[in-house]
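*Asks:* Okay, handing you the structure first.
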2 protein chains.
Amino acid sequence: MSDALDAPEAPDAPDAARLDAADELRGRRAAFELDDDTVYLDGNSLGALPRTVAPRLADVVRREWGRLLIRSWEESGWWAAPERVGDRIGRLVGAAPGQVVVGDSTSVNVFKAVVAAVRLAGDGRDEILVDAATFPTDGYIAASAARLTGCRIRAVPAPDLAAAAGPRTVAALVNHVDYRTGRLHDLPGTTAALHEAGALAVWDLCHSAGALPVGLDGHGVDLAVGCTYKYLNGGPGSPAFLYVRRDHQDRFDSPLPGWNSHADPFSMDPAYRPADGAARGRTGTPEILSLLALDAALDVWDGVDLAAVRAKSLALTDFFLRRVAALVPPGRVESVTPAAHAERGSQVSLRCPSGAEDVMAALVRRGVVGDFRRPDVLRFGFAPLYTSFADAERAARTLAEVL
Amino acid sequence: MSDALDAPEAPDAPDAARLDAADELRGRRAAFELDDDTVYLDGNSLGALPRTVAPRLADVVRREWGRLLIRSWEESGWWAAPERVGDRIGRLVGAAPGQVVVGDSTSVNVFKAVVAAVRLAGDGRDEILVDAATFPTDGYIAASAARLTGCRIRAVPAPDLAAAAGPRTVAALVNHVDYRTGRLHDLPGTTAALHEAGALAVWDLCHSAGALPVGLDGHGVDLAVGCTYKYLNGGPGSPAFLYVRRDHQDRFDSPLPGWNSHADPFSMDPAYRPADGAARGRTGTPEILSLLALDAALDVWDGVDLAAVRAKSLALTDFFLRRVAALVPPGRVESVTPAAHAERGSQVSLRCPSGAEDVMAALVRRGVVGDFRRPDVLRFGFAPLYTSFADAERAARTLAEVL
């Protein structure tokens, strides 16, 4: 993999203060509860707390649950929240309203998406391709879906999926951004190639939703899932989302047809009749406290342009790579995140062959919070809404000190 | 069905004030945020708010998420919460520690339980019995599980399940208490009969957990699920639970093997290797805010004896039935809840042939909150931790006024 740390730093390269001063998103940081003594670069694992969440959640608990009680399912809009919040996320991933629903975990939504893909694909197709470097849960769940539907799984490196799809291929399940390396995969090209082969594209957006424009509708993605607790800042374990492209919705046949996905749930009909639209992707009763915390958290996105987020994300990761190259003694770390912008998500992963786990522990003690992924990777996530260039500078300096 | 409203009221029957004064659980009401102007008899749908929840959740949001951030997965015990909270629920349903895990919705857990039951049952068994009057989601999900595993579904009235099980039967999925009528089914007898036939017993405890002693271990139940937002007061859509009897755990083969159920989740192992114990029933990342609200809510159960809860529940429903019989003009409503204690859960359902929906709306306007179930049922839930005999008296009087 090319190493972005090879390039020397230009003597007139702008410093963190200049970059922060020119950052059009810098005002957003005030929307988060952040401790100024800490550089938090783990927003790709658990996003920071938006200030809107605590007061909204207190109101949900004390007034909506405590006082209105059962009436809140209608009066406080709880019942429709999965679709309403889904549409808010839809805007951030390029989906027109009515195609995204929020609820359940990413794993559960991967299961719905993969089984539904098998049923959409129809007879004669029995091979499910999975990104070989996938976040593990996708692979485990896809294997379970394959076992239950009589399909087989084939693991293929994401860049090779376009060429691997054939007449037996149901779908490919691909991570938009590799959780370990931060590599951004080619969503438009892979999706088009899958369609060319008559297969469906199922994307896992956990590490891209809220970090960069996704363009689900624009690129013709069939099904997608994603979590909301990373760049979307929904809180620990906040519910995941499921996208079903509008022209697949009528044939979307969920393996988890819980009563919340019924066309008329309160008819208590013994016969299942699926709802139209995004609600067909629901299962059981949504975890309302977590869901409405996410809803409140999404307020920080109001008026934010994803193109600006992407531009800042690339500027931050460029800057961090440049400062690491300038400050860290050569050979101590090597970037496994691609240098090319088109292949980079919103994190930088540095391979640190000796003592990576201890290095991260030392960084955390010095107030620079990233995370460690076995066996030897230091991960630093850059959340453009609240990470500053000064944060990136301090992280690079601290890393140099520790090493 | 026998009608408990036929019996005349004895002239010396105790009044509400006397019964409340003698109620050993009366002090628990103070643990809930309740509006004294309202009689809330819908705790069988959404339990009232325990006072412990709002402060605990505020701390989870502001300190555990906002300040500790990613460290809370370990330092605040988030990672182990599904098993820890599961054990707290285990005590309330008669399960020794290590067999109950909290997370996902009831529907998702029904799916895990039914598919796992098919795999536990082994070859030659392909019939899944479902309680014919089941809450709809159980039936929908069981049908999906059957479709994916090559089984068929047979709907049988719960009292007939014991006789219906045969050599082809995988399992029966039964609601412990019928959500509509409030009828309590015979868990010990049905479980024993299923075992006699070589089949498994899968119980849905949504309407019994927290309302009466269940005795999962004692009666040899194989698998069970239940929700936590009714009598357990966990909040809207709070996560459900899954019980897997200890001697089935090693062979429990989940159809939703998400990374949280892996033996070593952070190894990021591409090969799935299931965790031992209750954690094997986990799927993806738990919705921590909803889960920890439930954890706080369970504090109201500390030191509570389920036998006392059951005694009060029966006394409340007896009293309500007696007062309805005394106050409501004959023939206007008929109880569909069994008169026999052994067949009664913790709710009273009254069939109201004319205008039931309007009657319930009028009750709610007068501050008596129950709910309406189509086509003609008025449901009144009695939550022994906070419902008083005075509540039951006012509900009966108001019903008489409305009718």
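Ligands are numbered from 1 in the order shown, chains are lettered A, B, ... in the order of the structure tokens, and residues start at 1 in each chain.
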Determine, counting only C-alpha atoms, which protein, DNA and RNA residues have an atom within 6 Å of an atom of range 364-368 of chain B; residues of the same chain fewer than 6 positions away are not included. Present the result as a ChimeraX atom specification.

*Replies:* /B:38-39,395

*Asks:* For the selection just defined, write its residues with N, CA, C and O atoms to a file, as a short mmCIF file (atom, residue, chain, number, x, y, z; two decimals), in the first residue's frame.

*Replies:*
```cif
data_model
loop_
_atom_site.label_atom_id
_atom_site.label_comp_id
_atom_site.auth_asym_id
_atom_site.auth_seq_id
_atom_site.Cartn_x
_atom_site.Cartn_y
_atom_site.Cartn_z
N THR B 38 -54.66 10.96 37.72
CA THR B 38 -54.91 9.94 36.69
C THR B 38 -54.85 8.55 37.31
O THR B 38 -54.00 8.29 38.15
N VAL B 39 -55.77 7.72 36.87
CA VAL B 39 -55.68 6.29 37.21
C VAL B 39 -55.08 5.61 35.99
O VAL B 39 -55.72 5.54 34.93
N ALA B 395 -61.70 3.47 38.80
CA ALA B 395 -61.89 2.98 37.44
C ALA B 395 -63.28 2.35 37.29
O ALA B 395 -63.98 2.60 36.30
#
```

*Asks:* Residues of range 153-341 of chain B classed as helix (DSSP H, G or I) by DSSP on the backbone are to be reported as a PyMOL selection string.

*Replies:* chain B and resi 158-164+187-196+246-251+259-261+265-267+277-281+288-301+306-327+341

*Asks:* Between CA of Pro157 in chain B and CA of Asn175 in chain B, measure the distance and give it in Å to one decimal.

*Replies:*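 Result for CA of Pro157 in chain B versus CA of Asn175 in chain B: 10.6 Å, one decimal.
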
*Asks:* At a cut-off of 6 Å, which residues of chain A touch chain B? Count only C-alpha atoms and give the answer as a VMD selection string.

*Replies:* chain A and resid 46 49 66 70 105 107 136 to 137 144 148 236 to 238 255 258 to 259 268 270 284 to 290

*Asks:* Figure out the distance between CA of Ala209 in chain B and CA of Ala31 in chain B, please, to one decimal in Å.

*Replies:*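 We find that CA of Ala31 in chain B and CA of Ala209 in chain B lie 18.9 Å from each other.
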
*Asks:* For Val101 in chain B, list every protein, DNA or RNA residue within 6 Å, evaluated using only C-alpha atoms, and leave out those in the same chain fewer than 2 positions away; present the list as a ChimeraX atom specification.

*Replies:* /B:82-83,86,241-242,278

*Asks:* Any chance you could export the current selection's all heavy atoms as a PDB file, in the first residue's frame?

*Replies:*
```pdb
ATOM      1  N   PRO B  82     -25.642  -6.102  28.880  1.00  0.00           N
ATOM      2  CA  PRO B  82     -26.721  -7.026  28.480  1.00  0.00           C
ATOM      3  C   PRO B  82     -26.827  -8.260  29.379  1.00  0.00           C
ATOM      4  O   PRO B  82     -27.936  -8.707  29.693  1.00  0.00           O
ATOM      5  CB  PRO B  82     -26.340  -7.398  27.040  1.00  0.00           C
ATOM      6  CG  PRO B  82     -25.600  -6.181  26.539  1.00  0.00           C
ATOM      7  CD  PRO B  82     -24.777  -5.748  27.729  1.00  0.00           C
ATOM      8  N   GLU B  83     -25.686  -8.778  29.815  1.00  0.00           N
ATOM      9  CA  GLU B  83     -25.735  -9.940  30.705  1.00  0.00           C
ATOM     10  C   GLU B  83     -26.065  -9.518  32.138  1.00  0.00           C
ATOM     11  O   GLU B  83     -26.807 -10.199  32.851  1.00  0.00           O
ATOM     12  CB  GLU B  83     -24.395 -10.690  30.699  1.00  0.00           C
ATOM     13  CG  GLU B  83     -24.073 -11.385  29.388  1.00  0.00           C
ATOM     14  CD  GLU B  83     -23.476 -10.470  28.335  1.00  0.00           C
ATOM     15  OE1 GLU B  83     -22.802  -9.479  28.684  1.00  0.00           O
ATOM     16  OE2 GLU B  83     -23.684 -10.721  27.148  1.00  0.00           O
ATOM     17  N   GLY B  86     -29.559  -8.675  32.284  1.00  0.00           N
ATOM     18  CA  GLY B  86     -30.250  -9.949  32.087  1.00  0.00           C
ATOM     19  C   GLY B  86     -30.387 -10.726  33.393  1.00  0.00           C
ATOM     20  O   GLY B  86     -31.448 -11.283  33.694  1.00  0.00           O
ATOM     21  N   PHE B 241     -35.705  -9.384  26.306  1.00  0.00           N
ATOM     22  CA  PHE B 241     -34.738 -10.334  26.841  1.00  0.00           C
ATOM     23  C   PHE B 241     -34.940 -11.717  26.230  1.00  0.00           C
ATOM     24  O   PHE B 241     -36.009 -12.033  25.714  1.00  0.00           O
ATOM     25  CB  PHE B 241     -34.789 -10.395  28.376  1.00  0.00           C
ATOM     26  CG  PHE B 241     -36.094 -10.891  28.964  1.00  0.00           C
ATOM     27  CD1 PHE B 241     -36.303 -12.239  29.200  1.00  0.00           C
ATOM     28  CD2 PHE B 241     -37.099  -9.998  29.295  1.00  0.00           C
ATOM     29  CE1 PHE B 241     -37.497 -12.692  29.749  1.00  0.00           C
ATOM     30  CE2 PHE B 241     -38.306 -10.443  29.845  1.00  0.00           C
ATOM     31  CZ  PHE B 241     -38.500 -11.795  30.068  1.00  0.00           C
ATOM     32  N   LEU B 242     -33.873 -12.486  26.313  1.00  0.00           N
ATOM     33  CA  LEU B 242     -33.860 -13.859  25.799  1.00  0.00           C
ATOM     34  C   LEU B 242     -33.300 -14.762  26.890  1.00  0.00           C
ATOM     35  O   LEU B 242     -32.233 -14.474  27.447  1.00  0.00           O
ATOM     36  CB  LEU B 242     -32.955 -13.927  24.567  1.00  0.00           C
ATOM     37  CG  LEU B 242     -32.661 -15.331  24.007  1.00  0.00           C
ATOM     38  CD1 LEU B 242     -33.923 -15.943  23.390  1.00  0.00           C
ATOM     39  CD2 LEU B 242     -31.547 -15.260  22.952  1.00  0.00           C
ATOM     40  N   ALA B 278     -24.873 -16.816  28.278  1.00  0.00           N
ATOM     41  CA  ALA B 278     -25.966 -15.976  27.797  1.00  0.00           C
ATOM     42  C   ALA B 278     -25.534 -15.052  26.670  1.00  0.00           C
ATOM     43  O   ALA B 278     -26.333 -14.704  25.802  1.00  0.00           O
ATOM     44  CB  ALA B 278     -26.536 -15.148  28.953  1.00  0.00           C
TER      45      ALA B 278
END
```

*Asks:* Extract the full set of strand (DSSP E or B) residues from range 319-349 of chain B according to DSSP on the backbone, and format it as a PyMOL selection string.

*Replies:* chain B and resi 334-335+344+347-349

*Asks:* Taking 2 positions as the minimum chain separation for residues in the same chain, which residues sit within 10 Å of Thr387 in chain B when counting only C-alpha atoms? Answer as JSON, numbers by chain.

*Replies:* {"B": [20, 25, 26, 28, 29, 39, 40, 41, 43, 312, 313, 316, 381, 382, 383, 384, 385, 389, 390, 391, 392]}

*Asks:* To one decimal place, how far is CA of Asp217 in chain A from CA of Ala95 in chain A in Å?

*Replies:*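 So the answer is 5.3 Å.
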
*Asks:* Excluding range 340-357 of chain A and residues on its chain fewer than 2 positions from it, collect all residues at most 8 Å away from it, counting only C-alpha atoms, and give them as a ChimeraX atom specification.

*Replies:* /A:44,177,180-186,207-208,211-212,313-314,317,321,332-338,359-361,372,375-383

*Asks:* Name the closest residue to Arg56 in chain B among the candidates B:Leu92, B:Leu223, B:Leu294, B:Ala165; distances are taken between atoms, counting only C-alpha atoms.

*Replies:* B:Leu294
